[in-house]
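Okay, so here's the structure we're looking at.
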Amino acid sequence: MQARFGGEGSGTVCVVRDGEWVRFVIRFEILDGERFREMADAMVAVSRDEPGTVVYDWYVDEAGGIGTLYEAYSSAEALRAHGSGAVFSELAPRYLDAVRVARVDAFGSADGLPRRDVLGAPTTWWGGPIAAVSDAR
């Protein structure tokens with residue numbers, strides 16, 4: 001599946017799945033389980049209304065003390081809007097005592113994004129799929 005976005009001549013980029021331009025799997029060490037759940041609920045409430053946020057799902061392994069956020073965005077513009085929105089400007093600073101970002105995996109071509117660590121955690125940039133059930137290649 002190929003998708004065009006941006007202005008004229010911006011090029012064609014590969015999406016990961018229908019409607020997804022990039023996805024992240026972020027793993028957290030949970031320092032306070034109750035506040036972790038509160039943070040997840042608050043961030044979902046904000047992200048639910050962001051145009052281009054395709055997936056924003058939180059998971060928890062109580063016994064292991066770890067959490068995971070699976071998020072996907074339809075475009076670079078959607079990711080930029082999320083990154084400059086309330087999740088980062090208002091909510092994340094309130095919950096610094098509840099989590100530590102352990103690692104990030106980024107999937108999709110994510111053209112134009114700098115290949116650096118995300119959220120101060122070790123990050124692997126996987127690129128697009130080499131084989132897929134969908135038309136993602």
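Residues in the structure tokens are named by chain (A, B, ... in the order shown) and by number from 1 within that chain; ligands are numbered from 1 in the order shown.
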Pick out the residues sitting within 7 Å of stretch 19-34 of chain A, and hand them over as a list in words; count only C-alpha atoms, and ignore anything fewer than 4 positions along from it in its own chain.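 Near neighbours after the sequence-gap exclusion: Val15, Glu38, Val54, Gly65, Ile66, Gly67, Thr68, Leu69, Tyr70, Glu71, Ala72, Tyr73, Ser74, Ser75, Asp97, Ala98, Val99, Arg100, Val101, Ala102, Arg103, Val104, Asp105, Ala106, Phe107, Gly108, Ser109 and Ala110 of chain A.
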Could you write those residues out with N, CA and C atoms, as a PDB file, in the first residue's frame?
ATOM      1  N   VAL A  15       3.400   3.016   3.789  1.00  0.00           N
ATOM      2  CA  VAL A  15       2.754   2.964   5.093  1.00  0.00           C
ATOM      3  C   VAL A  15       2.942   1.570   5.674  1.00  0.00           C
ATOM      4  N   GLU A  38      -3.557   5.604  35.682  1.00  0.00           N
ATOM      5  CA  GLU A  38      -4.135   6.951  35.607  1.00  0.00           C
ATOM      6  C   GLU A  38      -3.554   7.712  34.417  1.00  0.00           C
ATOM      7  N   VAL A  54      -4.116   6.739  14.832  1.00  0.00           N
ATOM      8  CA  VAL A  54      -4.823   5.554  14.362  1.00  0.00           C
ATOM      9  C   VAL A  54      -4.971   4.520  15.477  1.00  0.00           C
ATOM     10  N   GLY A  65       5.819  -5.855  36.242  1.00  0.00           N
ATOM     11  CA  GLY A  65       6.047  -4.445  36.498  1.00  0.00           C
ATOM     12  C   GLY A  65       6.411  -3.669  35.245  1.00  0.00           C
ATOM     13  N   ILE A  66       5.857  -4.121  34.100  1.00  0.00           N
ATOM     14  CA  ILE A  66       6.145  -3.437  32.845  1.00  0.00           C
ATOM     15  C   ILE A  66       4.850  -3.066  32.135  1.00  0.00           C
ATOM     16  N   GLY A  67       4.929  -2.033  31.353  1.00  0.00           N
ATOM     17  CA  GLY A  67       3.803  -1.587  30.545  1.00  0.00           C
ATOM     18  C   GLY A  67       4.262  -1.359  29.118  1.00  0.00           C
ATOM     19  N   THR A  68       3.302  -1.386  28.209  1.00  0.00           N
ATOM     20  CA  THR A  68       3.603  -1.167  26.800  1.00  0.00           C
ATOM     21  C   THR A  68       2.545  -0.256  26.201  1.00  0.00           C
ATOM     22  N   LEU A  69       2.997   0.678  25.392  1.00  0.00           N
ATOM     23  CA  LEU A  69       2.116   1.522  24.594  1.00  0.00           C
ATOM     24  C   LEU A  69       2.356   1.178  23.138  1.00  0.00           C
ATOM     25  N   TYR A  70       1.273   0.859  22.433  1.00  0.00           N
ATOM     26  CA  TYR A  70       1.332   0.621  20.991  1.00  0.00           C
ATOM     27  C   TYR A  70       0.597   1.795  20.364  1.00  0.00           C
ATOM     28  N   GLU A  71       1.308   2.584  19.548  1.00  0.00           N
ATOM     29  CA  GLU A  71       0.689   3.752  18.934  1.00  0.00           C
ATOM     30  C   GLU A  71       1.044   3.814  17.458  1.00  0.00           C
ATOM     31  N   ALA A  72       0.109   4.328  16.661  1.00  0.00           N
ATOM     32  CA  ALA A  72       0.324   4.455  15.226  1.00  0.00           C
ATOM     33  C   ALA A  72      -0.307   5.744  14.736  1.00  0.00           C
ATOM     34  N   TYR A  73       0.333   6.346  13.727  1.00  0.00           N
ATOM     35  CA  TYR A  73      -0.096   7.632  13.183  1.00  0.00           C
ATOM     36  C   TYR A  73      -0.187   7.542  11.673  1.00  0.00           C
ATOM     37  N   SER A  74      -1.129   8.281  11.110  1.00  0.00           N
ATOM     38  CA  SER A  74      -1.392   8.206   9.675  1.00  0.00           C
ATOM     39  C   SER A  74      -0.428   9.032   8.835  1.00  0.00           C
ATOM     40  N   SER A  75       0.285   9.968   9.450  1.00  0.00           N
ATOM     41  CA  SER A  75       1.161  10.849   8.682  1.00  0.00           C
ATOM     42  C   SER A  75       2.166  11.534   9.594  1.00  0.00           C
ATOM     43  N   ASP A  97       7.178  10.440  37.776  1.00  0.00           N
ATOM     44  CA  ASP A  97       7.459   9.573  38.919  1.00  0.00           C
ATOM     45  C   ASP A  97       6.807   8.198  38.790  1.00  0.00           C
ATOM     46  N   ALA A  98       6.002   7.986  37.772  1.00  0.00           N
ATOM     47  CA  ALA A  98       5.253   6.732  37.639  1.00  0.00           C
ATOM     48  C   ALA A  98       5.909   5.725  36.705  1.00  0.00           C
ATOM     49  N   VAL A  99       6.741   6.199  35.782  1.00  0.00           N
ATOM     50  CA  VAL A  99       7.312   5.310  34.762  1.00  0.00           C
ATOM     51  C   VAL A  99       8.742   5.707  34.414  1.00  0.00           C
ATOM     52  N   ARG A 100       9.422   4.738  33.823  1.00  0.00           N
ATOM     53  CA  ARG A 100      10.702   4.995  33.163  1.00  0.00           C
ATOM     54  C   ARG A 100      10.604   4.333  31.801  1.00  0.00           C
ATOM     55  N   VAL A 101      10.885   5.092  30.741  1.00  0.00           N
ATOM     56  CA  VAL A 101      10.845   4.522  29.398  1.00  0.00           C
ATOM     57  C   VAL A 101      12.058   3.607  29.258  1.00  0.00           C
ATOM     58  N   ALA A 102      11.806   2.323  28.967  1.00  0.00           N
ATOM     59  CA  ALA A 102      12.874   1.325  28.894  1.00  0.00           C
ATOM     60  C   ALA A 102      13.410   1.159  27.482  1.00  0.00           C
ATOM     61  N   ARG A 103      12.504   1.128  26.489  1.00  0.00           N
ATOM     62  CA  ARG A 103      12.943   0.987  25.105  1.00  0.00           C
ATOM     63  C   ARG A 103      11.821   1.333  24.149  1.00  0.00           C
ATOM     64  N   VAL A 104      12.195   1.691  22.921  1.00  0.00           N
ATOM     65  CA  VAL A 104      11.235   2.069  21.888  1.00  0.00           C
ATOM     66  C   VAL A 104      11.595   1.310  20.611  1.00  0.00           C
ATOM     67  N   ASP A 105      10.571   0.767  19.951  1.00  0.00           N
ATOM     68  CA  ASP A 105      10.716   0.198  18.621  1.00  0.00           C
ATOM     69  C   ASP A 105       9.850   1.019  17.684  1.00  0.00           C
ATOM     70  N   ALA A 106      10.427   1.477  16.574  1.00  0.00           N
ATOM     71  CA  ALA A 106       9.705   2.280  15.580  1.00  0.00           C
ATOM     72  C   ALA A 106       9.607   1.471  14.290  1.00  0.00           C
ATOM     73  N   PHE A 107       8.394   1.402  13.722  1.00  0.00           N
ATOM     74  CA  PHE A 107       8.142   0.624  12.513  1.00  0.00           C
ATOM     75  C   PHE A 107       7.564   1.534  11.440  1.00  0.00           C
ATOM     76  N   GLY A 108       7.966   1.325  10.202  1.00  0.00           N
ATOM     77  CA  GLY A 108       7.486   2.121   9.078  1.00  0.00           C
ATOM     78  C   GLY A 108       8.616   2.948   8.510  1.00  0.00           C
ATOM     79  N   SER A 109       8.424   3.423   7.292  1.00  0.00           N
ATOM     80  CA  SER A 109       9.494   4.175   6.633  1.00  0.00           C
ATOM     81  C   SER A 109       9.821   5.457   7.392  1.00  0.00           C
ATOM     82  N   ALA A 110       8.794   6.084   7.960  1.00  0.00           N
ATOM     83  CA  ALA A 110       8.985   7.281   8.786  1.00  0.00           C
ATOM     84  C   ALA A 110       9.935   8.279   8.129  1.00  0.00           C
TER      85      ALA A 110
END
Name the residues of chain A that fall into helix (DSSP H, G or I) according to DSSP on the backbone, using the chain letters and numbers of this document, as a PyMOL selection string. chain A and resi 33-47+76-83+86-94
Which parts of chain A does DSSP call strand (DSSP E or B) when run on the backbone here, written out as a PDB file with C-alpha atoms, in the first residue's frame?
ATOM      1  CA  GLN A   2       1.472   3.335  -1.000  1.00  0.00           C
ATOM      2  CA  ALA A   3       0.183   6.643   0.302  1.00  0.00           C
ATOM      3  CA  ARG A   4       0.915  10.205  -0.806  1.00  0.00           C
ATOM      4  CA  THR A  12       5.465   8.668  -2.088  1.00  0.00           C
ATOM      5  CA  VAL A  13       6.098   6.846   1.167  1.00  0.00           C
ATOM      6  CA  CYS A  14       5.273   3.347   2.301  1.00  0.00           C
ATOM      7  CA  VAL A  22       4.574   4.955  11.436  1.00  0.00           C
ATOM      8  CA  ARG A  23       3.988   2.956  14.582  1.00  0.00           C
ATOM      9  CA  PHE A  24       5.805   2.787  17.895  1.00  0.00           C
ATOM     10  CA  VAL A  25       5.952   0.143  20.586  1.00  0.00           C
ATOM     11  CA  ILE A  26       7.145   1.784  23.793  1.00  0.00           C
ATOM     12  CA  ARG A  27       8.035  -0.298  26.831  1.00  0.00           C
ATOM     13  CA  PHE A  28       7.966   1.164  30.317  1.00  0.00           C
ATOM     14  CA  GLU A  29       9.264   0.124  33.684  1.00  0.00           C
ATOM     15  CA  ILE A  30       6.318   0.844  35.999  1.00  0.00           C
ATOM     16  CA  THR A  53      -3.893   8.994  15.685  1.00  0.00           C
ATOM     17  CA  VAL A  54      -4.823   5.554  14.362  1.00  0.00           C
ATOM     18  CA  VAL A  55      -3.905   3.393  17.377  1.00  0.00           C
ATOM     19  CA  TYR A  56      -3.091   4.377  20.961  1.00  0.00           C
ATOM     20  CA  ASP A  57      -3.380   1.257  23.122  1.00  0.00           C
ATOM     21  CA  TRP A  58      -1.831   0.652  26.545  1.00  0.00           C
ATOM     22  CA  TYR A  59      -1.006  -2.736  28.071  1.00  0.00           C
ATOM     23  CA  VAL A  60       0.278  -3.787  31.477  1.00  0.00           C
ATOM     24  CA  ASP A  61       2.034  -6.840  32.897  1.00  0.00           C
ATOM     25  CA  ILE A  66       6.145  -3.437  32.845  1.00  0.00           C
ATOM     26  CA  GLY A  67       3.803  -1.587  30.545  1.00  0.00           C
ATOM     27  CA  THR A  68       3.603  -1.167  26.800  1.00  0.00           C
ATOM     28  CA  LEU A  69       2.116   1.522  24.594  1.00  0.00           C
ATOM     29  CA  TYR A  70       1.332   0.621  20.991  1.00  0.00           C
ATOM     30  CA  GLU A  71       0.689   3.752  18.934  1.00  0.00           C
ATOM     31  CA  ALA A  72       0.324   4.455  15.226  1.00  0.00           C
ATOM     32  CA  TYR A  73      -0.096   7.632  13.183  1.00  0.00           C
ATOM     33  CA  VAL A  99       7.312   5.310  34.762  1.00  0.00           C
ATOM     34  CA  ARG A 100      10.702   4.995  33.163  1.00  0.00           C
ATOM     35  CA  VAL A 101      10.845   4.522  29.398  1.00  0.00           C
ATOM     36  CA  ALA A 102      12.874   1.325  28.894  1.00  0.00           C
ATOM     37  CA  ARG A 103      12.943   0.987  25.105  1.00  0.00           C
ATOM     38  CA  VAL A 104      11.235   2.069  21.888  1.00  0.00           C
ATOM     39  CA  ASP A 105      10.716   0.198  18.621  1.00  0.00           C
ATOM     40  CA  ALA A 106       9.705   2.280  15.580  1.00  0.00           C
ATOM     41  CA  PHE A 107       8.142   0.624  12.513  1.00  0.00           C
ATOM     42  CA  GLY A 108       7.486   2.121   9.078  1.00  0.00           C
ATOM     43  CA  VAL A 118      13.069   8.451  21.268  1.00  0.00           C
ATOM     44  CA  ALA A 121      15.428   5.401  25.583  1.00  0.00           C
ATOM     45  CA  THR A 123      15.385   2.943  20.036  1.00  0.00           C
ATOM     46  CA  THR A 124      15.404   0.518  17.117  1.00  0.00           C
ATOM     47  CA  TRP A 125      14.203   1.901  13.773  1.00  0.00           C
ATOM     48  CA  GLY A 127      11.735   0.527   8.624  1.00  0.00           C
TER      49      GLY A 127
END
Proximity to A:Arg48 - best of A:Val133, A:Ala76, A:Ala63, A:Ala86, only C-alpha atoms: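 With only C-alpha atoms as the atom set, the closest residue is A:Ala86.
Of the listed residues A:Leu119, A:Gly52, A:Arg94, A:Ser89, the one whose atoms come nearest to A:Arg35 is A:Arg94, with distances taken using only C-alpha atoms.
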Counting only C-alpha atoms, which residue out of A:Ala81, A:Gly112, A:Gly64, A:Ala131 sits closest to A:Glu50?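 Once distances to A:Glu50 are computed over only C-alpha atoms, the minimum belongs to A:Ala81.
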Please compute the atom CA of A:Tyr95-atom CA of A:Met39 distance, one decimal, in Å.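 If I compute the distance from atom CA of A:Tyr95 to atom CA of A:Met39, I get 6.6 Å.
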